[in-house]
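Q: Compact mmCIF, C-alpha atoms and all ligand atoms, saved as target04.txt, coming up:
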# COMPACT_ATOMS: atom_id res chain seq x y z
CA MET A 1 -245.94 -116.96 196.22
CA GLY A 2 -242.17 -117.27 196.15
CA LYS A 3 -239.82 -115.81 198.77
CA ASP A 4 -239.63 -112.49 196.92
CA GLY A 5 -243.41 -112.11 196.75
CA LYS A 6 -243.61 -113.17 193.12
CA VAL A 7 -245.97 -115.89 192.00
CA ARG A 8 -244.19 -119.25 192.00
CA PRO A 9 -244.82 -120.98 188.69
CA ALA A 10 -246.06 -124.56 188.88
CA ILE A 11 -245.33 -126.51 185.72
CA LEU A 12 -246.01 -130.18 184.93
CA PHE A 13 -244.26 -132.04 182.11
CA LEU A 14 -246.41 -134.81 180.67
CA CYS A 15 -245.63 -137.77 178.40
CA LEU A 16 -246.82 -141.37 178.07
CA GLY A 17 -244.64 -143.37 180.45
CA ASN A 18 -243.04 -140.62 182.60
CA ILE A 19 -239.68 -142.33 182.23
CA CYS A 20 -238.17 -140.65 179.13
CA ARG A 21 -239.41 -137.30 177.79
CA SER A 22 -241.16 -135.74 180.78
CA PRO A 23 -238.44 -136.51 183.37
CA LEU A 24 -235.90 -135.03 180.94
CA GLY A 25 -238.16 -131.98 180.64
CA GLU A 26 -238.43 -131.79 184.41
CA GLY A 27 -234.65 -131.97 184.79
CA ALA A 28 -234.02 -129.37 182.09
CA ALA A 29 -236.62 -126.99 183.52
CA ARG A 30 -235.36 -127.35 187.09
CA ALA A 31 -231.86 -126.47 185.86
CA ALA A 32 -233.06 -123.55 183.71
CA PHE A 33 -235.14 -122.01 186.53
CA ALA A 34 -232.31 -122.50 189.03
CA ALA A 35 -229.86 -120.82 186.63
CA ALA A 36 -232.29 -117.92 186.22
CA GLY A 37 -232.71 -117.65 190.00
CA ILE A 38 -236.46 -118.28 189.77
CA ASP A 39 -238.25 -120.34 192.42
CA ALA A 40 -240.55 -122.75 190.61
CA HIS A 41 -242.46 -125.96 191.26
CA ILE A 42 -241.58 -128.40 188.49
CA ASP A 43 -242.92 -131.94 188.25
CA SER A 44 -243.63 -134.59 185.62
CA ALA A 45 -246.20 -137.32 185.05
CA GLY A 46 -247.33 -139.86 182.47
CA THR A 47 -250.75 -140.52 181.00
CA GLY A 48 -250.10 -144.27 181.33
CA ASN A 49 -249.54 -146.29 184.49
CA TRP A 50 -247.11 -149.00 183.34
CA HIS A 51 -244.04 -147.41 184.93
CA VAL A 52 -245.51 -145.89 188.09
CA GLY A 53 -242.84 -145.86 190.81
CA HIS A 54 -240.00 -146.52 188.37
CA PRO A 55 -236.95 -144.26 187.96
CA PRO A 56 -236.33 -142.66 184.55
CA ASP A 57 -235.11 -144.94 181.74
CA ARG A 58 -231.33 -145.44 182.16
CA ARG A 59 -230.76 -143.80 178.74
CA ALA A 60 -232.64 -140.71 179.88
CA GLN A 61 -230.63 -140.67 183.11
CA ALA A 62 -227.40 -140.88 181.09
CA GLU A 63 -228.48 -138.09 178.74
CA ALA A 64 -229.20 -135.76 181.67
CA GLN A 65 -225.99 -136.80 183.42
CA ARG A 66 -224.01 -135.73 180.34
CA ARG A 67 -225.34 -132.22 181.09
CA GLY A 68 -224.54 -132.49 184.77
CA ILE A 69 -228.18 -133.00 185.74
CA ASP A 70 -229.16 -135.85 188.04
CA ILE A 71 -232.67 -137.19 187.44
CA SER A 72 -232.04 -140.59 189.04
CA GLY A 73 -234.17 -139.74 192.07
CA LEU A 74 -237.34 -139.08 190.06
CA ARG A 75 -240.13 -141.67 190.19
CA ALA A 76 -242.87 -142.06 187.63
CA ARG A 77 -246.46 -141.25 188.48
CA GLN A 78 -249.67 -141.06 186.53
CA LEU A 79 -251.52 -137.85 185.68
CA VAL A 80 -254.51 -137.23 187.95
CA ARG A 81 -257.44 -134.81 187.68
CA ASP A 82 -256.12 -132.81 190.62
CA ASP A 83 -253.06 -131.86 188.56
CA PHE A 84 -255.35 -129.58 186.55
CA TYR A 85 -255.81 -127.43 189.68
CA ARG A 86 -252.32 -127.76 191.19
CA PHE A 87 -250.36 -126.59 188.15
CA ASP A 88 -250.44 -123.38 186.12
CA LEU A 89 -249.23 -125.11 183.01
CA ILE A 90 -249.30 -128.73 181.83
CA LEU A 91 -246.98 -129.41 178.90
CA ALA A 92 -247.74 -132.49 176.83
CA ALA A 93 -244.95 -134.06 174.79
CA ASP A 94 -247.15 -134.98 171.81
CA GLU A 95 -250.70 -134.88 170.43
CA SER A 96 -251.53 -138.28 171.85
CA ASN A 97 -250.59 -137.18 175.36
CA LEU A 98 -252.60 -133.98 174.82
CA ARG A 99 -255.71 -135.97 173.83
CA ASP A 100 -255.36 -138.32 176.80
CA ALA A 101 -254.97 -135.36 179.15
CA LEU A 102 -258.01 -133.61 177.67
CA ALA A 103 -260.04 -136.77 178.29
CA ILE A 104 -259.64 -136.45 182.08
CA ARG A 105 -259.46 -132.64 182.33
CA PRO A 106 -262.13 -131.29 184.71
CA ASP A 107 -264.47 -128.66 183.24
CA ASP A 108 -263.27 -126.09 185.76
CA ALA A 109 -259.56 -126.85 185.34
CA THR A 110 -257.32 -123.89 186.05
CA ALA A 111 -254.17 -125.23 184.39
CA GLU A 112 -253.31 -124.22 180.87
CA LEU A 113 -252.68 -127.30 178.69
CA CYS A 114 -250.59 -127.26 175.53
CA LEU A 115 -247.76 -129.03 173.74
CA MET A 116 -244.22 -128.58 175.10
CA LEU A 117 -242.94 -127.27 171.78
CA ASP A 118 -245.78 -124.73 171.48
CA LEU A 119 -243.53 -122.60 173.70
CA VAL A 120 -240.59 -122.70 171.29
CA ALA A 121 -240.50 -120.23 168.39
CA GLY A 122 -241.05 -121.98 165.07
CA ARG A 123 -241.93 -125.34 166.69
CA ALA A 124 -245.60 -124.82 167.64
CA GLY A 125 -247.76 -127.85 166.95
CA GLN A 126 -244.81 -130.25 166.86
CA GLY A 127 -244.45 -133.25 169.16
CA VAL A 128 -241.36 -134.35 171.06
CA THR A 129 -240.59 -137.72 169.47
CA ASP A 130 -240.81 -140.68 171.83
CA PRO A 131 -237.26 -142.11 172.11
CA TYR A 132 -238.28 -145.20 174.12
CA TYR A 133 -238.18 -147.74 171.29
CA GLY A 134 -235.31 -146.10 169.40
CA SER A 135 -231.55 -145.81 169.73
CA ASP A 136 -229.53 -143.76 172.21
CA GLU A 137 -229.32 -140.92 169.68
CA GLY A 138 -233.05 -140.39 170.09
CA PHE A 139 -232.43 -139.30 173.68
CA ALA A 140 -230.00 -136.59 172.55
CA ALA A 141 -232.70 -135.24 170.23
CA THR A 142 -235.20 -135.36 173.08
CA TRP A 143 -232.79 -133.43 175.25
CA GLU A 144 -232.37 -130.71 172.60
CA ASP A 145 -236.16 -130.34 172.42
CA VAL A 146 -236.81 -130.21 176.16
CA ALA A 147 -233.84 -127.89 176.73
CA ALA A 148 -235.38 -125.44 174.24
CA VAL A 149 -238.69 -125.70 176.11
CA ALA A 150 -236.93 -125.12 179.44
CA SER A 151 -235.17 -122.01 178.10
CA ALA A 152 -238.45 -120.63 176.79
CA LEU A 153 -240.12 -121.24 180.16
CA ALA A 154 -237.37 -119.55 182.14
CA ALA A 155 -237.40 -116.59 179.73
CA ARG A 156 -241.18 -116.28 180.03
CA TRP A 157 -241.07 -116.15 183.81
CA SER A 158 -238.00 -113.91 183.90
CA THR A 159 -239.89 -111.20 182.05
CA SER A 160 -243.41 -111.70 183.43
CA GLY A 161 -242.28 -112.28 187.03
P1 LIG B 1 -242.06 -141.57 177.58
O1 LIG B 1 -241.59 -142.87 176.79
O2 LIG B 1 -243.53 -141.39 177.32
O3 LIG B 1 -241.24 -140.47 176.98
O4 LIG B 1 -241.74 -141.82 179.03
C1 LIG B 1 -242.22 -144.10 176.93
C2 LIG B 1 -241.87 -144.93 177.95
C3 LIG B 1 -242.49 -146.17 178.08
C4 LIG B 1 -243.45 -146.55 177.17
C5 LIG B 1 -243.81 -145.69 176.14
C6 LIG B 1 -243.20 -144.46 176.03
N1 LIG B 1 -244.06 -147.82 177.28
O5 LIG B 1 -244.91 -148.15 176.45
O6 LIG B 1 -243.76 -148.56 178.22
Just dump the structure as structure tokens.
A:
Amino acid sequence: MGKDGKVRPAILFLCLGNICRSPLGEGAARAAFAAAGIDAHIDSAGTGNWHVGHPPDRRAQAEAQRRGIDISGLRARQLVRDDFYRFDLILAADESNLRDALAIRPDDATAELCLMLDLVAGRAGQGVTDPYYGSDEGFAATWEDVAAVASALAARWSTSG
């Protein structure tokens, strides 16, 4: 419960490394919920463990900073089974992340699991492209995608309370 008696949404952004897409999603969602005045628990994780403990990729940090959002303090962690009970919603960046998450999902999981862009009108079924091996422009495209997801989330909880 939040301070006003409303249910506090708990949302986990999920990608592969937890250093590019999901920390950008976390930053965008934190900003969108704060702007909407909604108390929410927002976190991010990766299906892989290569970057555990690392801050977001410097290109992701720069992309968020351009929007006035500081994600430098985030540290990567790996998805764990318990996340399927601690969160209401787990948002996978792409189909591969979705499959990897399904592989460890407990049978009695309470979290809903879907793609990030399933929440955005006209984008259902699409993945957020991994910008890690690409150019800086890829991070701007990632930002546009996760910002649309964040807006959809804040709108959903603004109306459903
Ligand atoms: P992310 O991007 O899943 O959006 O954080 C990646 C980051 C690192 C790797 C792959 C994707 N990697 O293979 O190290």
Q: Using all atoms listed in the file, can you list as a list in words the residues within 10 Å of (-238.3, -141.5, 190.3)?
A: Asn18, Ile19, Pro23, Ser44, His51, Val52, Gly53, His54, Pro55, Pro56, Asp57, Ile71, Ser72, Gly73, Leu74, Arg75, Ala76 and Arg77 of chain A
Q: Next, the residues of the selection above should be written as a PDB file, in the frame of the given file with C-alpha atoms.
A:
ATOM      1  CA  ASN A  18    -243.040-140.620 182.600  1.00  0.00           C
ATOM      2  CA  ILE A  19    -239.680-142.330 182.230  1.00  0.00           C
ATOM      3  CA  PRO A  23    -238.440-136.510 183.370  1.00  0.00           C
ATOM      4  CA  SER A  44    -243.630-134.590 185.620  1.00  0.00           C
ATOM      5  CA  HIS A  51    -244.040-147.410 184.930  1.00  0.00           C
ATOM      6  CA  VAL A  52    -245.510-145.890 188.090  1.00  0.00           C
ATOM      7  CA  GLY A  53    -242.840-145.860 190.810  1.00  0.00           C
ATOM      8  CA  HIS A  54    -240.000-146.520 188.370  1.00  0.00           C
ATOM      9  CA  PRO A  55    -236.950-144.260 187.960  1.00  0.00           C
ATOM     10  CA  PRO A  56    -236.330-142.660 184.550  1.00  0.00           C
ATOM     11  CA  ASP A  57    -235.110-144.940 181.740  1.00  0.00           C
ATOM     12  CA  ILE A  71    -232.670-137.190 187.440  1.00  0.00           C
ATOM     13  CA  SER A  72    -232.040-140.590 189.040  1.00  0.00           C
ATOM     14  CA  GLY A  73    -234.170-139.740 192.070  1.00  0.00           C
ATOM     15  CA  LEU A  74    -237.340-139.080 190.060  1.00  0.00           C
ATOM     16  CA  ARG A  75    -240.130-141.670 190.190  1.00  0.00           C
ATOM     17  CA  ALA A  76    -242.870-142.060 187.630  1.00  0.00           C
ATOM     18  CA  ARG A  77    -246.460-141.250 188.480  1.00  0.00           C
TER      19      ARG A  77
END
Q: Pick from A:Arg21, A:Arg123, A:Arg8, A:Arg66: nearest to A:Ala93, with only C-alpha atoms counted?
A: A:Arg21
Q: With ligand LIG 1 (chain B) as the partner and 7 Å as the cut-off, tabulate the residues of chain A that qualify, each row holding the nearest pair of atoms and their distance in Å to one decimal, using only C-alpha atoms and all ligand atoms, sorted by chain and rising number, as JSON lines.
A:
{"residue": "A:Cys15", "atom": "CA", "partner": "B:LIG1", "partner_atom": "O2", "distance": 4.3}
{"residue": "A:Leu16", "atom": "CA", "partner": "B:LIG1", "partner_atom": "O2", "distance": 3.4}
{"residue": "A:Gly17", "atom": "CA", "partner": "B:LIG1", "partner_atom": "O4", "distance": 3.6}
{"residue": "A:Asn18", "atom": "CA", "partner": "B:LIG1", "partner_atom": "O4", "distance": 4.0}
{"residue": "A:Ile19", "atom": "CA", "partner": "B:LIG1", "partner_atom": "O4", "distance": 3.8}
{"residue": "A:Cys20", "atom": "CA", "partner": "B:LIG1", "partner_atom": "O3", "distance": 3.8}
{"residue": "A:Arg21", "atom": "CA", "partner": "B:LIG1", "partner_atom": "O3", "distance": 3.7}
{"residue": "A:Ser22", "atom": "CA", "partner": "B:LIG1", "partner_atom": "O3", "distance": 6.1}
{"residue": "A:Gly46", "atom": "CA", "partner": "B:LIG1", "partner_atom": "O2", "distance": 6.6}
{"residue": "A:Trp50", "atom": "CA", "partner": "B:LIG1", "partner_atom": "O6", "distance": 6.1}
{"residue": "A:His51", "atom": "CA", "partner": "B:LIG1", "partner_atom": "O6", "distance": 6.8}
{"residue": "A:Asp130", "atom": "CA", "partner": "B:LIG1", "partner_atom": "O3", "distance": 5.2}
{"residue": "A:Pro131", "atom": "CA", "partner": "B:LIG1", "partner_atom": "O1", "distance": 6.4}
{"residue": "A:Tyr132", "atom": "CA", "partner": "B:LIG1", "partner_atom": "O1", "distance": 4.8}
Q: Show me the residues around (-227.4, -131.7, 179.5) - criterion: an atom at most 10 Å away, all atoms listed in the file counted - as an MDAnalysis selection string.
A: chainID A and resid 24 27:28 31 62:70 140 143:144 147
Q: Restricting the output to C-alpha atoms, write the selected residues as a PDB file, keeping the file's coordinate frame.
A:
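Just written: part38.pdb:
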ATOM      1  CA  LEU A  24    -235.900-135.030 180.940  1.00  0.00           C
ATOM      2  CA  GLY A  27    -234.650-131.970 184.790  1.00  0.00           C
ATOM      3  CA  ALA A  28    -234.020-129.370 182.090  1.00  0.00           C
ATOM      4  CA  ALA A  31    -231.860-126.470 185.860  1.00  0.00           C
ATOM      5  CA  ALA A  62    -227.400-140.880 181.090  1.00  0.00           C
ATOM      6  CA  GLU A  63    -228.480-138.090 178.740  1.00  0.00           C
ATOM      7  CA  ALA A  64    -229.200-135.760 181.670  1.00  0.00           C
ATOM      8  CA  GLN A  65    -225.990-136.800 183.420  1.00  0.00           C
ATOM      9  CA  ARG A  66    -224.010-135.730 180.340  1.00  0.00           C
ATOM     10  CA  ARG A  67    -225.340-132.220 181.090  1.00  0.00           C
ATOM     11  CA  GLY A  68    -224.540-132.490 184.770  1.00  0.00           C
ATOM     12  CA  ILE A  69    -228.180-133.000 185.740  1.00  0.00           C
ATOM     13  CA  ASP A  70    -229.160-135.850 188.040  1.00  0.00           C
ATOM     14  CA  ALA A 140    -230.000-136.590 172.550  1.00  0.00           C
ATOM     15  CA  TRP A 143    -232.790-133.430 175.250  1.00  0.00           C
ATOM     16  CA  GLU A 144    -232.370-130.710 172.600  1.00  0.00           C
ATOM     17  CA  ALA A 147    -233.840-127.890 176.730  1.00  0.00           C
TER      18      ALA A 147
END
Q: Any idea what's packed within 12 Å of A:Ser158, counting all atoms listed in the file, ignoring anything in its chain fewer than 5 positions away? Could you give it as a ChimeraX atom specification?
A: /A:6-9,32-40,151-153
Q: Nearest to A:Leu115: which of A:Ala60, A:Ala103, A:Ala45, A:Leu14 is it, counting all atoms listed in the file?
A: A:Leu14
Q: To one decimal in Å, tell me the separation between atom CA of A:Gln61 and atom CA of A:Gly138.
A: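 Pair atom CA of A:Gln61 / atom CA of A:Gly138 returns 13.2 Å.
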Q: Between A:Ala111, A:Leu89, A:Val146, A:Val120, which has the minimum distance to A:Leu12 (counting all atoms listed in the file)?
A: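 Once distances to A:Leu12 are computed over all atoms listed in the file, the minimum belongs to A:Leu89.
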Q: Interatomic distance between atom CA of A:Ile11 and atom CA of A:Asn49?
A: 20.3 Å
Q: When you look at A:Val80 with a cut-off of 8 Å (counting all atoms listed in the file), what residues show up, excluding the ones that are within fewer than 3 positions of it in the same chain? I need them as a list in words.
A: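 Counting all atoms listed in the file, the residues come to Asp83, Phe84 and Ile104 of chain A.
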Q: Write the residues of the preceding selection, restricted to C-alpha atoms, as a PDB file, in the frame of the given file.
A:
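Output file out_0.pdb is given in full below:
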ATOM      1  CA  ASP A  83    -253.060-131.860 188.560  1.00  0.00           C
ATOM      2  CA  PHE A  84    -255.350-129.580 186.550  1.00  0.00           C
ATOM      3  CA  ILE A 104    -259.640-136.450 182.080  1.00  0.00           C
TER       4      ILE A 104
END
Q: Between A:Asp43, A:Asp136, A:Asp82, A:Asp145, single out the one closest to A:Asp108, counting all atoms listed in the file.
A: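 With all atoms listed in the file as the atom set, the closest residue is A:Asp82.
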Q: What is the distance between atom CA of A:Pro106 and atom CA of A:Thr129, in Å to one decimal?
A: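 Computed distance, atom CA of A:Pro106 to atom CA of A:Thr129, equals 27.2 Å.
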Q: Can you report as lines of an AutoDock Vina configuration file the centre and edge lengths in Å, to one decimal, of an axis-aligned box around the listed atoms of stretch 14-26 of chain A padded with 4 Å on each side?
A:
center_x = -241.4
center_y = -137.6
center_z = 181.1
size_x = 18.9
size_y = 19.6
size_z = 14.6
Q: Between A:Ala148, A:Ala155, A:Ala109, A:Ala92, single out the one closest to A:Gly125, counting only C-alpha atoms.
A: A:Ala92
Q: Measuring between all atoms listed in the file, which one of A:Leu119, A:Ala150, A:Leu113, A:Val128 shows the shortest distance to A:Tyr85?
A: A:Leu113
